[in-house]
file start03.json (JSON, C-alpha atoms)
[["chain", "number", "residue", "atom", "x", "y", "z"],
["W", 1, "MET", "CA", 45.75, 183.72, 56.02],
["W", 2, "LYS", "CA", 43.66, 181.12, 54.24],
["W", 3, "LEU", "CA", 44.84, 182.43, 50.89],
["W", 4, "ARG", "CA", 48.48, 182.11, 51.97],
["W", 5, "LYS", "CA", 47.87, 178.54, 53.14],
["W", 6, "LEU", "CA", 46.20, 177.63, 49.85],
["W", 7, "ALA", "CA", 49.07, 179.16, 47.89],
["W", 8, "PHE", "CA", 51.55, 177.15, 49.98],
["W", 9, "LEU", "CA", 49.60, 173.92, 49.42],
["W", 10, "PHE", "CA", 49.37, 174.39, 45.66],
["W", 11, "ALA", "CA", 53.01, 175.43, 45.22],
["W", 12, "PRO", "CA", 54.50, 171.90, 45.47],
["W", 13, "PHE", "CA", 51.82, 170.64, 43.06],
["W", 14, "SER", "CA", 52.69, 173.38, 40.57],
["W", 15, "VAL", "CA", 56.41, 172.60, 40.84],
["W", 16, "ALA", "CA", 55.78, 168.88, 40.40],
["W", 17, "LEU", "CA", 53.58, 169.57, 37.38],
["W", 18, "ALA", "CA", 56.22, 171.80, 35.85],
["W", 19, "ILE", "CA", 58.91, 169.16, 36.44],
["W", 20, "GLY", "CA", 56.69, 166.49, 34.90],
["W", 21, "GLN", "CA", 56.06, 168.63, 31.87],
["W", 22, "ALA", "CA", 59.75, 169.39, 31.46],
["W", 23, "ALA", "CA", 60.67, 165.71, 31.75],
["W", 24, "ALA", "CA", 58.22, 164.57, 29.08],
["W", 25, "PRO", "CA", 60.08, 164.26, 25.75],
["W", 26, "VAL", "CA", 58.64, 166.47, 23.04],
["W", 27, "HIS", "CA", 57.93, 164.92, 19.65],
["W", 28, "ASP", "CA", 56.75, 166.05, 16.25],
["W", 29, "THR", "CA", 54.11, 164.23, 14.23],
["W", 30, "VAL", "CA", 55.46, 164.03, 10.70],
["W", 31, "VAL", "CA", 53.99, 162.92, 7.37],
["W", 32, "ILE", "CA", 55.99, 160.50, 5.21],
["W", 33, "PRO", "CA", 55.06, 159.91, 1.56],
["W", 34, "SER", "CA", 55.05, 156.23, 0.58],
["W", 35, "ARG", "CA", 54.00, 156.10, -3.06],
["W", 36, "LYS", "CA", 50.40, 157.42, -2.98],
["W", 37, "LEU", "CA", 50.08, 157.10, 0.80],
["W", 38, "ARG", "CA", 50.75, 159.70, 3.47],
["W", 39, "LEU", "CA", 52.00, 157.86, 6.53],
["W", 40, "LYS", "CA", 52.31, 159.33, 10.02],
["W", 41, "ALA", "CA", 55.32, 158.95, 12.28],
["W", 42, "LEU", "CA", 56.46, 160.35, 15.61],
["W", 43, "LEU", "CA", 59.88, 161.99, 15.65],
["W", 44, "TRP", "CA", 61.93, 162.79, 18.72],
["W", 45, "LYS", "CA", 65.25, 164.64, 18.79],
["W", 46, "PRO", "CA", 67.63, 165.06, 21.73],
["W", 47, "ALA", "CA", 68.04, 168.52, 23.23],
["W", 48, "GLY", "CA", 70.64, 170.69, 21.56],
["W", 49, "PRO", "CA", 71.54, 171.85, 18.08],
["W", 50, "GLY", "CA", 72.60, 168.50, 16.59],
["W", 51, "PRO", "CA", 73.18, 167.03, 14.13],
["W", 52, "PHE", "CA", 72.21, 163.73, 15.75],
["W", 53, "PRO", "CA", 72.55, 160.08, 14.82],
["W", 54, "ALA", "CA", 69.12, 158.54, 14.40],
["W", 55, "VAL", "CA", 67.23, 155.26, 14.65],
["W", 56, "LEU", "CA", 64.17, 154.31, 12.63],
["W", 57, "PHE", "CA", 61.94, 151.86, 14.50],
["W", 58, "CYS", "CA", 59.68, 149.28, 12.80],
["W", 59, "HIS", "CA", 56.75, 148.01, 14.88],
["W", 60, "GLY", "CA", 55.27, 144.51, 14.67],
["W", 61, "SER", "CA", 52.36, 143.30, 12.56],
["W", 62, "GLY", "CA", 49.75, 144.47, 15.04],
["W", 63, "GLY", "CA", 47.63, 143.38, 17.96],
["W", 64, "ALA", "CA", 43.93, 142.94, 18.52],
["W", 65, "ASP", "CA", 43.23, 146.02, 16.43],
["W", 66, "ALA", "CA", 44.97, 148.67, 14.36],
["W", 67, "ASP", "CA", 45.76, 150.80, 17.40],
["W", 68, "HIS", "CA", 47.76, 148.20, 19.35],
["W", 69, "THR", "CA", 51.09, 146.40, 19.16],
["W", 70, "ALA", "CA", 52.65, 143.97, 21.65],
["W", 71, "GLY", "CA", 49.68, 144.49, 23.98],
["W", 72, "LEU", "CA", 50.15, 148.26, 24.10],
["W", 73, "PRO", "CA", 48.44, 151.19, 22.38],
["W", 74, "MET", "CA", 50.82, 152.03, 19.54],
["W", 75, "THR", "CA", 51.46, 155.61, 20.61],
["W", 76, "GLU", "CA", 52.18, 154.35, 24.13],
["W", 77, "ALA", "CA", 54.64, 151.80, 22.73],
["W", 78, "ALA", "CA", 56.44, 154.59, 20.88],
["W", 79, "GLU", "CA", 56.48, 156.83, 23.94],
["W", 80, "LYS", "CA", 57.86, 153.97, 26.03],
["W", 81, "LEU", "CA", 60.88, 153.48, 23.76],
["W", 82, "ALA", "CA", 61.69, 157.04, 22.75],
["W", 83, "PRO", "CA", 63.13, 158.33, 26.07],
["W", 84, "LEU", "CA", 65.70, 155.54, 26.10],
["W", 85, "PHE", "CA", 67.03, 156.51, 22.68],
["W", 86, "LEU", "CA", 67.03, 160.20, 23.58],
["W", 87, "LYS", "CA", 68.93, 159.41, 26.77],
["W", 88, "HIS", "CA", 71.72, 157.94, 24.67],
["W", 89, "GLY", "CA", 71.77, 160.84, 22.23],
["W", 90, "TYR", "CA", 69.82, 159.34, 19.31],
["W", 91, "ALA", "CA", 66.94, 160.88, 17.41],
["W", 92, "PHE", "CA", 64.09, 158.36, 17.19],
["W", 93, "LEU", "CA", 61.55, 157.96, 14.40],
["W", 94, "TYR", "CA", 58.62, 155.63, 15.09],
["W", 95, "LEU", "CA", 56.82, 154.92, 11.84],
["W", 96, "PHE", "CA", 53.17, 153.88, 11.69],
["W", 97, "ARG", "CA", 52.95, 151.75, 8.57],
["W", 98, "ARG", "CA", 49.84, 151.64, 6.38],
["W", 99, "GLY", "CA", 46.73, 150.53, 8.25],
["W", 100, "HIS", "CA", 48.34, 150.87, 11.70],
["W", 101, "GLY", "CA", 48.02, 153.42, 14.48],
["W", 102, "LEU", "CA", 48.17, 157.00, 13.24],
["W", 103, "SER", "CA", 48.27, 155.65, 9.66],
["W", 104, "ALA", "CA", 45.11, 153.56, 10.08],
["W", 105, "ASP", "CA", 43.39, 155.64, 7.39],
["W", 106, "GLN", "CA", 46.12, 154.82, 4.85],
["W", 107, "GLY", "CA", 45.11, 151.24, 4.13],
["W", 108, "PRO", "CA", 43.54, 148.16, 5.70],
["W", 109, "PHE", "CA", 44.89, 146.78, 8.97],
["W", 110, "MET", "CA", 47.36, 144.00, 8.24],
["W", 111, "GLN", "CA", 45.82, 141.46, 10.62],
["W", 112, "ASP", "CA", 42.40, 141.95, 9.02],
["W", 113, "ILE", "CA", 43.89, 141.18, 5.60],
["W", 114, "LEU", "CA", 45.60, 138.06, 6.92],
["W", 115, "GLN", "CA", 42.53, 136.80, 8.75],
["W", 116, "ARG", "CA", 40.39, 137.16, 5.63],
["W", 117, "GLN", "CA", 42.98, 135.27, 3.61],
["W", 118, "GLU", "CA", 43.11, 132.44, 6.15],
["W", 119, "ALA", "CA", 39.31, 132.17, 6.27],
["W", 120, "ALA", "CA", 39.12, 132.00, 2.49],
["W", 121, "ARG", "CA", 42.17, 129.89, 1.61],
["W", 122, "GLY", "CA", 43.75, 128.43, 4.77],
["W", 123, "LYS", "CA", 46.80, 128.93, 6.98],
["W", 124, "GLU", "CA", 49.43, 128.36, 4.30],
["W", 125, "ALA", "CA", 47.85, 131.04, 2.12],
["W", 126, "ARG", "CA", 47.86, 133.41, 5.09],
["W", 127, "GLN", "CA", 51.54, 132.73, 5.70],
["W", 128, "HIS", "CA", 52.38, 133.38, 2.06],
["W", 129, "LEU", "CA", 50.42, 136.64, 2.03],
["W", 130, "GLN", "CA", 52.27, 137.81, 5.13],
["W", 131, "PHE", "CA", 55.52, 137.10, 3.29],
["W", 132, "VAL", "CA", 54.28, 139.09, 0.28],
["W", 133, "LEU", "CA", 53.32, 142.06, 2.46],
["W", 134, "ALA", "CA", 56.73, 141.99, 4.15],
["W", 135, "THR", "CA", 58.56, 142.11, 0.84],
["W", 136, "THR", "CA", 56.35, 144.66, -0.91],
["W", 137, "ASP", "CA", 53.94, 147.16, 0.70],
["W", 138, "HIS", "CA", 55.32, 147.24, 4.23],
["W", 139, "LEU", "CA", 58.93, 147.22, 3.06],
["W", 140, "ASP", "CA", 58.06, 150.15, 0.77],
["W", 141, "ASP", "CA", 56.82, 152.05, 3.83],
["W", 142, "VAL", "CA", 60.03, 151.40, 5.74],
["W", 143, "LEU", "CA", 62.25, 152.43, 2.84],
["W", 144, "ALA", "CA", 60.20, 155.61, 2.44],
["W", 145, "ALA", "CA", 60.74, 156.39, 6.12],
["W", 146, "LEU", "CA", 64.49, 155.87, 5.76],
["W", 147, "SER", "CA", 64.57, 158.27, 2.80],
["W", 148, "PHE", "CA", 62.56, 160.80, 4.80],
["W", 149, "LEU", "CA", 64.77, 160.55, 7.87],
["W", 150, "LYS", "CA", 67.88, 161.36, 5.83],
["W", 151, "THR", "CA", 66.34, 164.72, 4.87],
["W", 152, "VAL", "CA", 65.30, 165.86, 8.36],
["W", 153, "PRO", "CA", 67.19, 168.96, 9.57],
["W", 154, "GLY", "CA", 69.43, 168.16, 12.50],
["W", 155, "ILE", "CA", 69.83, 164.47, 11.55],
["W", 156, "GLU", "CA", 73.18, 163.02, 10.45],
["W", 157, "ALA", "CA", 72.12, 161.29, 7.24],
["W", 158, "LYS", "CA", 75.23, 159.10, 7.29],
["W", 159, "ARG", "CA", 74.65, 157.92, 10.87],
["W", 160, "ILE", "CA", 71.28, 156.16, 10.72],
["W", 161, "ALA", "CA", 70.42, 152.77, 12.16],
["W", 162, "ILE", "CA", 67.24, 150.72, 11.90],
["W", 163, "ALA", "CA", 65.58, 148.57, 14.57],
["W", 164, "GLY", "CA", 62.42, 146.49, 14.64],
["W", 165, "HIS", "CA", 60.30, 144.10, 16.65],
["W", 166, "SER", "CA", 58.78, 140.82, 15.43],
["W", 167, "PHE", "CA", 57.42, 141.42, 11.89],
["W", 168, "GLY", "CA", 59.21, 144.76, 12.10],
["W", 169, "GLY", "CA", 62.42, 142.83, 12.74],
["W", 170, "GLN", "CA", 61.93, 141.05, 9.42],
["W", 171, "LEU", "CA", 61.46, 144.43, 7.75],
["W", 172, "THR", "CA", 64.62, 145.66, 9.46],
["W", 173, "LEU", "CA", 66.68, 142.91, 7.83],
["W", 174, "LEU", "CA", 65.03, 143.42, 4.44],
["W", 175, "ALA", "CA", 65.63, 147.17, 4.60],
["W", 176, "ALA", "CA", 69.27, 146.65, 5.62],
["W", 177, "GLU", "CA", 69.67, 144.52, 2.51],
["W", 178, "ARG", "CA", 68.21, 147.26, 0.29],
["W", 179, "ASP", "CA", 69.89, 150.34, 1.80],
["W", 180, "ASN", "CA", 73.65, 150.00, 2.23],
["W", 181, "THR", "CA", 73.94, 153.40, 3.90],
["W", 182, "ILE", "CA", 72.42, 152.02, 7.11],
["W", 183, "ARG", "CA", 75.12, 151.88, 9.77],
["W", 184, "ALA", "CA", 73.57, 149.16, 11.96],
["W", 185, "ALA", "CA", 70.48, 146.97, 12.27],
["W", 186, "VAL", "CA", 68.94, 145.68, 15.51],
["W", 187, "THR", "CA", 66.15, 143.09, 15.59],
["W", 188, "PHE", "CA", 64.01, 142.02, 18.52],
["W", 189, "ALA", "CA", 62.26, 138.65, 18.11],
["W", 190, "ALA", "CA", 62.47, 138.83, 14.31],
["W", 191, "ALA", "CA", 60.39, 136.13, 12.58],
["W", 192, "ALA", "CA", 59.96, 134.19, 15.83],
["W", 193, "GLY", "CA", 56.34, 133.35, 15.04],
["W", 194, "SER", "CA", 56.83, 132.59, 11.35],
["W", 195, "TRP", "CA", 60.28, 131.07, 10.87],
["W", 196, "GLU", "CA", 59.32, 127.42, 11.30],
["W", 197, "ARG", "CA", 56.08, 127.77, 9.32],
["W", 198, "SER", "CA", 57.43, 129.57, 6.26],
["W", 199, "PRO", "CA", 60.28, 128.11, 4.19],
["W", 200, "GLU", "CA", 60.09, 131.07, 1.78],
["W", 201, "LEU", "CA", 60.56, 133.52, 4.64],
["W", 202, "ARG", "CA", 63.55, 131.58, 5.96],
["W", 203, "LYS", "CA", 65.19, 131.61, 2.55],
["W", 204, "ARG", "CA", 64.43, 135.31, 2.00],
["W", 205, "LEU", "CA", 65.84, 136.46, 5.35],
["W", 206, "LEU", "CA", 68.97, 134.38, 4.93],
["W", 207, "THR", "CA", 69.45, 136.05, 1.56],
["W", 208, "ALA", "CA", 68.89, 139.46, 3.18],
["W", 209, "VAL", "CA", 71.66, 138.96, 5.74],
["W", 210, "ASP", "CA", 73.90, 137.60, 2.99],
["W", 211, "LYS", "CA", 73.57, 140.87, 1.08],
["W", 212, "ALA", "CA", 73.34, 143.37, 3.95],
["W", 213, "THR", "CA", 76.50, 145.35, 4.65],
["W", 214, "ALA", "CA", 75.57, 146.79, 8.07],
["W", 215, "PRO", "CA", 76.49, 145.04, 11.32],
["W", 216, "ILE", "CA", 73.45, 143.18, 12.67],
["W", 217, "MET", "CA", 72.34, 142.57, 16.26],
["W", 218, "LEU", "CA", 69.82, 139.75, 16.78],
["W", 219, "ILE", "CA", 67.96, 139.78, 20.09],
["W", 220, "GLN", "CA", 65.55, 137.25, 21.56],
["W", 221, "ALA", "CA", 64.40, 136.05, 24.97],
["W", 222, "ALA", "CA", 64.81, 132.37, 25.75],
["W", 223, "ASN", "CA", 61.02, 131.97, 26.01],
["W", 224, "ASP", "CA", 60.22, 133.64, 22.69],
["W", 225, "TYR", "CA", 57.95, 131.66, 20.33],
["W", 226, "SER", "CA", 61.14, 130.23, 18.79],
["W", 227, "THR", "CA", 64.81, 131.15, 19.05],
["W", 228, "ALA", "CA", 65.57, 129.26, 15.82],
["W", 229, "PRO", "CA", 65.59, 132.38, 13.61],
["W", 230, "GLY", "CA", 68.17, 134.19, 15.73],
["W", 231, "GLN", "CA", 70.43, 131.16, 15.80],
["W", 232, "ALA", "CA", 70.07, 130.38, 12.08],
["W", 233, "LEU", "CA", 70.69, 133.96, 11.00],
["W", 234, "ALA", "CA", 73.68, 134.23, 13.33],
["W", 235, "ASP", "CA", 75.09, 130.98, 11.96],
["W", 236, "GLU", "CA", 74.80, 132.36, 8.43],
["W", 237, "LEU", "CA", 76.49, 135.62, 9.41],
["W", 238, "THR", "CA", 79.27, 133.66, 11.11],
["W", 239, "ARG", "CA", 79.75, 131.55, 7.98],
["W", 240, "LEU", "CA", 80.13, 134.75, 5.95],
["W", 241, "HIS", "CA", 82.45, 136.36, 8.53],
["W", 242, "LYS", "CA", 80.09, 139.32, 8.85],
["W", 243, "SER", "CA", 79.91, 141.59, 11.87],
["W", 244, "HIS", "CA", 77.03, 140.57, 14.12],
["W", 245, "ILE", "CA", 75.92, 139.80, 17.67],
["W", 246, "LEU", "CA", 73.35, 137.25, 18.81],
["W", 247, "LYS", "CA", 71.92, 137.83, 22.29],
["W", 248, "ILE", "CA", 69.45, 135.36, 23.76],
["W", 249, "TYR", "CA", 68.44, 136.70, 27.15],
["W", 250, "PRO", "CA", 66.91, 134.74, 30.05],
["W", 251, "SER", "CA", 63.17, 134.14, 29.97],
["W", 252, "VAL", "CA", 60.96, 137.07, 30.87],
["W", 253, "GLY", "CA", 57.43, 136.80, 32.26],
["W", 254, "LYS", "CA", 55.51, 133.55, 32.24],
["W", 255, "THR", "CA", 54.45, 132.96, 28.64],
["W", 256, "THR", "CA", 55.91, 132.79, 25.15],
["W", 257, "GLU", "CA", 54.04, 136.00, 24.39],
["W", 258, "ASP", "CA", 55.88, 137.68, 27.26],
["W", 259, "GLY", "CA", 59.13, 136.39, 25.82],
["W", 260, "HIS", "CA", 58.20, 137.66, 22.38],
["W", 261, "ASN", "CA", 57.54, 141.12, 23.82],
["W", 262, "PHE", "CA", 60.88, 141.21, 25.65],
["W", 263, "LEU", "CA", 61.59, 144.52, 23.94],
["W", 264, "TYR", "CA", 59.00, 146.32, 26.05],
["W", 265, "LEU", "CA", 59.01, 144.16, 29.19],
["W", 266, "ALA", "CA", 62.74, 144.06, 29.94],
["W", 267, "MET", "CA", 64.25, 147.30, 28.71],
["W", 268, "PRO", "CA", 66.92, 147.50, 31.46],
["W", 269, "GLN", "CA", 68.24, 144.08, 30.39],
["W", 270, "TRP", "CA", 68.99, 145.05, 26.80],
["W", 271, "GLU", "CA", 69.72, 148.77, 27.13],
["W", 272, "ASN", "CA", 73.49, 148.66, 27.67],
["W", 273, "ASP", "CA", 74.06, 145.94, 25.07],
["W", 274, "VAL", "CA", 72.03, 147.66, 22.36],
["W", 275, "PHE", "CA", 73.44, 151.12, 22.87],
["W", 276, "GLY", "CA", 76.97, 149.74, 23.15],
["W", 277, "PHE", "CA", 76.39, 148.15, 19.74],
["W", 278, "LEU", "CA", 74.86, 151.31, 18.25],
["W", 279, "ASP", "CA", 77.59, 153.55, 19.65],
["W", 280, "GLU", "CA", 80.27, 151.31, 18.17],
["W", 281, "HIS", "CA", 78.80, 151.17, 14.68],
["W", 282, "VAL", "CA", 76.76, 154.36, 14.28],
["W", 283, "ARG", "CA", 78.70, 157.02, 16.15],
["W", 284, "ARG", "CA", 82.23, 155.98, 15.14]]
call {"tool": "encode", "arguments": {"input": "start03.json", "output": "structure tokens"}}
result
Amino acid sequence: MKLRKLAFLFAPFSVALAIGQAAAPVHDTVVIPSRKLRLKALLWKPAGPGPFPAVLFCHGSGGADADHTAGLPMTEAAEKLAPLFLKHGYAFLYLFRRGHGLSADQGPFMQDILQRQEAARGKEARQHLQFVLATTDHLDDVLAALSFLKTVPGIEAKRIAIAGHSFGGQLTLLAAERDNTIRAAVTFAAAAGSWERSPELRKRLLTAVDKATAPIMLIQAANDYSTAPGQALADELTRLHKSHILKIYPSVGKTTEDGHNFLYLAMPQWENDVFGFLDEHVRR
């Protein structure tokens, strides 16, 4: 009798555990060559045979340490975003660039490099070095990931988009300039912390959108560090009669940091807009 009662009590737990396991998206950890480096990335694919359209995601420049971004552990940040892309039928590749997260052993952490530069030569030197890293090493990593993604079985190589947050949003625009096979680019809070401090970055990103052929979606929250980059880039795209959308959403949270991390804090607000944009330009 006691055994039957115990079996009955554990049965719901076992069912719930099985459901939880089934609901958790399965990913592969993949290795991406970037020159001499071997970067790690997490790859998710929707259920079914495919082939699937895909999105490469570019994280920001880092948090308090190499394992965090936007206040989250990097793997947690990836796992937070992936189910949304799978839900809409997109494969999702979350790249860990050199010195970050699962690629921490592939180079120094970006924020450590920048802090050393500021301590030695000042804030302007730090800003310039960040610009250099965006246009060389870290852009190389993103372009390597795009090349890799096009070779993955089950991925539609001609239906790939790129998205990025903060510093990763800058890389998204720079990569869209370099790779004209990209079908769409989506940026969250791109350059919000650097736009007003770096004339060379402003000039470079305006050049990038001038040359990019993919439709571009620029997303910010009203309480981001600055909404000037979204507005300026949208104005340039309007001047050139290029396909784009600028979305500045209502403030989220209580601080500018909350606004900057709108991507993670307000997913239901941007979901329909972003996937409407991706479906229009990537699937069709």
call {"tool": "residues_around", "arguments": {"input": "start03.json", "residues": "Ala161 in chain W", "least_positions_apart": "4", "cutoff": "6 Å", "atoms": "all atoms listed in the file", "output": "PyMOL selection string"}}
result
chain W and resi 55+182-185
call {"tool": "write_last_selection", "arguments": {"input": "start03.json", "atoms": "C-alpha atoms", "output": "PDB file, in the frame of the given file"}}
result
ATOM      1  CA  VAL W  55      67.230 155.260  14.650  1.00  0.00           C
ATOM      2  CA  ILE W 182      72.420 152.020   7.110  1.00  0.00           C
ATOM      3  CA  ARG W 183      75.120 151.880   9.770  1.00  0.00           C
ATOM      4  CA  ALA W 184      73.570 149.160  11.960  1.00  0.00           C
ATOM      5  CA  ALA W 185      70.480 146.970  12.270  1.00  0.00           C
TER       6      ALA W 185
END
call {"tool": "residues_around", "arguments": {"input": "start03.json", "residues": "Leu139 in chain W", "least_positions_apart": "2", "cutoff": "12 Å", "atoms": "all atoms listed in the file", "output": "PyMOL selection string"}}
result
chain W and resi 34-35+58+95+97-98+130-137+141-146+167-179
call {"tool": "write_last_selection", "arguments": {"input": "start03.json", "atoms": "C-alpha atoms", "output": "CSV table (one decimal), in the coordinates of the input"}}
result
chain,number,residue,atom,x,y,z
W,34,SER,CA,55.0,156.2,0.6
W,35,ARG,CA,54.0,156.1,-3.1
W,58,CYS,CA,59.7,149.3,12.8
W,95,LEU,CA,56.8,154.9,11.8
W,97,ARG,CA,53.0,151.8,8.6
W,98,ARG,CA,49.8,151.6,6.4
W,130,GLN,CA,52.3,137.8,5.1
W,131,PHE,CA,55.5,137.1,3.3
W,132,VAL,CA,54.3,139.1,0.3
W,133,LEU,CA,53.3,142.1,2.5
W,134,ALA,CA,56.7,142.0,4.2
W,135,THR,CA,58.6,142.1,0.8
W,136,THR,CA,56.4,144.7,-0.9
W,137,ASP,CA,53.9,147.2,0.7
W,141,ASP,CA,56.8,152.0,3.8
W,142,VAL,CA,60.0,151.4,5.7
W,143,LEU,CA,62.2,152.4,2.8
W,144,ALA,CA,60.2,155.6,2.4
W,145,ALA,CA,60.7,156.4,6.1
W,146,LEU,CA,64.5,155.9,5.8
W,167,PHE,CA,57.4,141.4,11.9
W,168,GLY,CA,59.2,144.8,12.1
W,169,GLY,CA,62.4,142.8,12.7
W,170,GLN,CA,61.9,141.0,9.4
W,171,LEU,CA,61.5,144.4,7.8
W,172,THR,CA,64.6,145.7,9.5
W,173,LEU,CA,66.7,142.9,7.8
W,174,LEU,CA,65.0,143.4,4.4
W,175,ALA,CA,65.6,147.2,4.6
W,176,ALA,CA,69.3,146.6,5.6
W,177,GLU,CA,69.7,144.5,2.5
W,178,ARG,CA,68.2,147.3,0.3
W,179,ASP,CA,69.9,150.3,1.8
call {"tool": "closest_residue", "arguments": {"input": "start03.json", "among": "W:Ser61, W:Gln127, W:Gln115, W:Thr151", "to": "Gly99 in chain W", "atoms": "all atoms listed in the file"}}
result
W:Ser61
call {"tool": "closest_residue", "arguments": {"input": "start03.json", "among": "W:Leu206, W:Ala190, W:Thr213, W:Arg239", "to": "Ser226 in chain W", "atoms": "all atoms listed in the file"}}
result
W:Ala190
call {"tool": "residues_around", "arguments": {"input": "start03.json", "residues": "range 48-52 of chain W", "least_positions_apart": "3", "cutoff": "7 Å", "atoms": "all atoms listed in the file", "output": "list in words"}}
result
Tyr90, Ala91, Gly154, Ile155 and Glu156 of chain W
call {"tool": "write_last_selection", "arguments": {"input": "start03.json", "atoms": "C-alpha atoms", "output": "short mmCIF file (atom, residue, chain, number, x, y, z; two decimals), in the frame of the given file"}}
result
data_model
loop_
_atom_site.label_atom_id
_atom_site.label_comp_id
_atom_site.auth_asym_id
_atom_site.auth_seq_id
_atom_site.Cartn_x
_atom_site.Cartn_y
_atom_site.Cartn_z
CA TYR W 90 69.82 159.34 19.31
CA ALA W 91 66.94 160.88 17.41
CA GLY W 154 69.43 168.16 12.50
CA ILE W 155 69.83 164.47 11.55
CA GLU W 156 73.18 163.02 10.45
#
call {"tool": "closest_residue", "arguments": {"input": "start03.json", "among": "W:Met110, W:Leu93, W:Ala266, W:Ala214", "to": "Gly62 in chain W", "atoms": "all atoms listed in the file"}}
result
W:Met110
call {"tool": "residues_around", "arguments": {"input": "start03.json", "residues": "Ala228 in chain W", "least_positions_apart": "6", "cutoff": "9 Å", "atoms": "only C-alpha atoms", "output": "PDB file with C-alpha atoms, in the coordinates of the input"}}
result
ATOM      1  CA  ALA W 192      59.960 134.190  15.830  1.00  0.00           C
ATOM      2  CA  TRP W 195      60.280 131.070  10.870  1.00  0.00           C
ATOM      3  CA  GLU W 196      59.320 127.420  11.300  1.00  0.00           C
TER       4      GLU W 196
END
call {"tool": "closest_atom_pairs", "arguments": {"input": "start03.json", "of": "range 186-267 of chain W", "to": "range 79-82 of chain W", "cutoff": "12 Å", "atoms": "only C-alpha atoms", "output": "tab-separated table"}}
result
residue	atom	partner	partner_atom	distance
W:Leu263	CA	W:Leu81	CA	9.0
W:Tyr264	CA	W:Lys80	CA	7.7
W:Leu265	CA	W:Lys80	CA	10.4
W:Ala266	CA	W:Leu81	CA	11.4
W:Met267	CA	W:Leu81	CA	8.6
call {"tool": "write_last_selection", "arguments": {"input": "start03.json", "atoms": "C-alpha atoms", "output": "short mmCIF file (atom, residue, chain, number, x, y, z; two decimals), in the frame of the given file"}}
result
data_model
loop_
_atom_site.label_atom_id
_atom_site.label_comp_id
_atom_site.auth_asym_id
_atom_site.auth_seq_id
_atom_site.Cartn_x
_atom_site.Cartn_y
_atom_site.Cartn_z
CA LEU W 263 61.59 144.52 23.94
CA TYR W 264 59.00 146.32 26.05
CA LEU W 265 59.01 144.16 29.19
CA ALA W 266 62.74 144.06 29.94
CA MET W 267 64.25 147.30 28.71
#
call {"tool": "residues_around", "arguments": {"input": "start03.json", "residues": "Pro25 in chain W", "least_positions_apart": "5", "cutoff": "9 Å", "atoms": "only C-alpha atoms", "output": "list in words"}}
result
Trp44, Lys45, Pro46, Glu79, Ala82, Pro83 and Leu86 of chain W
call {"tool": "build_atoms", "arguments": {"input": "start03.json", "residues": "range 54-66 of chain W", "atoms": "N, CA and C atoms", "output": "mmCIF file, keeping the file's coordinate frame"}}
result
data_model
loop_
_atom_site.group_PDB
_atom_site.id
_atom_site.type_symbol
_atom_site.label_atom_id
_atom_site.label_comp_id
_atom_site.auth_asym_id
_atom_site.auth_seq_id
_atom_site.Cartn_x
_atom_site.Cartn_y
_atom_site.Cartn_z
ATOM 1 N N ALA W 54 70.548 158.826 14.285
ATOM 2 C CA ALA W 54 69.120 158.540 14.400
ATOM 3 C C ALA W 54 68.836 157.059 14.225
ATOM 4 N N VAL W 55 67.698 156.641 14.788
ATOM 5 C CA VAL W 55 67.230 155.260 14.650
ATOM 6 C C VAL W 55 65.791 155.281 14.162
ATOM 7 N N LEU W 56 65.537 154.549 13.097
ATOM 8 C CA LEU W 56 64.170 154.310 12.630
ATOM 9 C C LEU W 56 63.685 153.016 13.267
ATOM 10 N N PHE W 57 62.486 153.053 13.857
ATOM 11 C CA PHE W 57 61.940 151.860 14.500
ATOM 12 C C PHE W 57 60.748 151.314 13.720
ATOM 13 N N CYS W 58 60.745 149.978 13.524
ATOM 14 C CA CYS W 58 59.680 149.280 12.800
ATOM 15 C C CYS W 58 58.869 148.425 13.762
ATOM 16 N N HIS W 59 57.614 148.757 13.953
ATOM 17 C CA HIS W 59 56.750 148.010 14.880
ATOM 18 C C HIS W 59 56.360 146.655 14.282
ATOM 19 N N GLY W 60 55.705 145.838 15.105
ATOM 20 C CA GLY W 60 55.270 144.510 14.670
ATOM 21 C C GLY W 60 54.056 144.567 13.767
ATOM 22 N N SER W 61 53.469 143.396 13.527
ATOM 23 C CA SER W 61 52.360 143.300 12.560
ATOM 24 C C SER W 61 51.019 143.667 13.166
ATOM 25 N N GLY W 62 51.004 143.999 14.454
ATOM 26 C CA GLY W 62 49.750 144.470 15.040
ATOM 27 C C GLY W 62 49.273 143.614 16.188
ATOM 28 N N GLY W 63 48.226 144.084 16.834
ATOM 29 C CA GLY W 63 47.630 143.380 17.960
ATOM 30 C C GLY W 63 46.179 143.056 17.662
ATOM 31 N N ALA W 64 45.351 143.250 18.667
ATOM 32 C CA ALA W 64 43.930 142.940 18.520
ATOM 33 C C ALA W 64 43.240 143.879 17.540
ATOM 34 N N ASP W 65 43.799 145.064 17.366
ATOM 35 C CA ASP W 65 43.230 146.020 16.430
ATOM 36 C C ASP W 65 44.335 146.917 15.902
ATOM 37 N N ALA W 66 43.978 147.838 15.036
ATOM 38 C CA ALA W 66 44.970 148.670 14.360
ATOM 39 C C ALA W 66 45.694 149.628 15.288
#
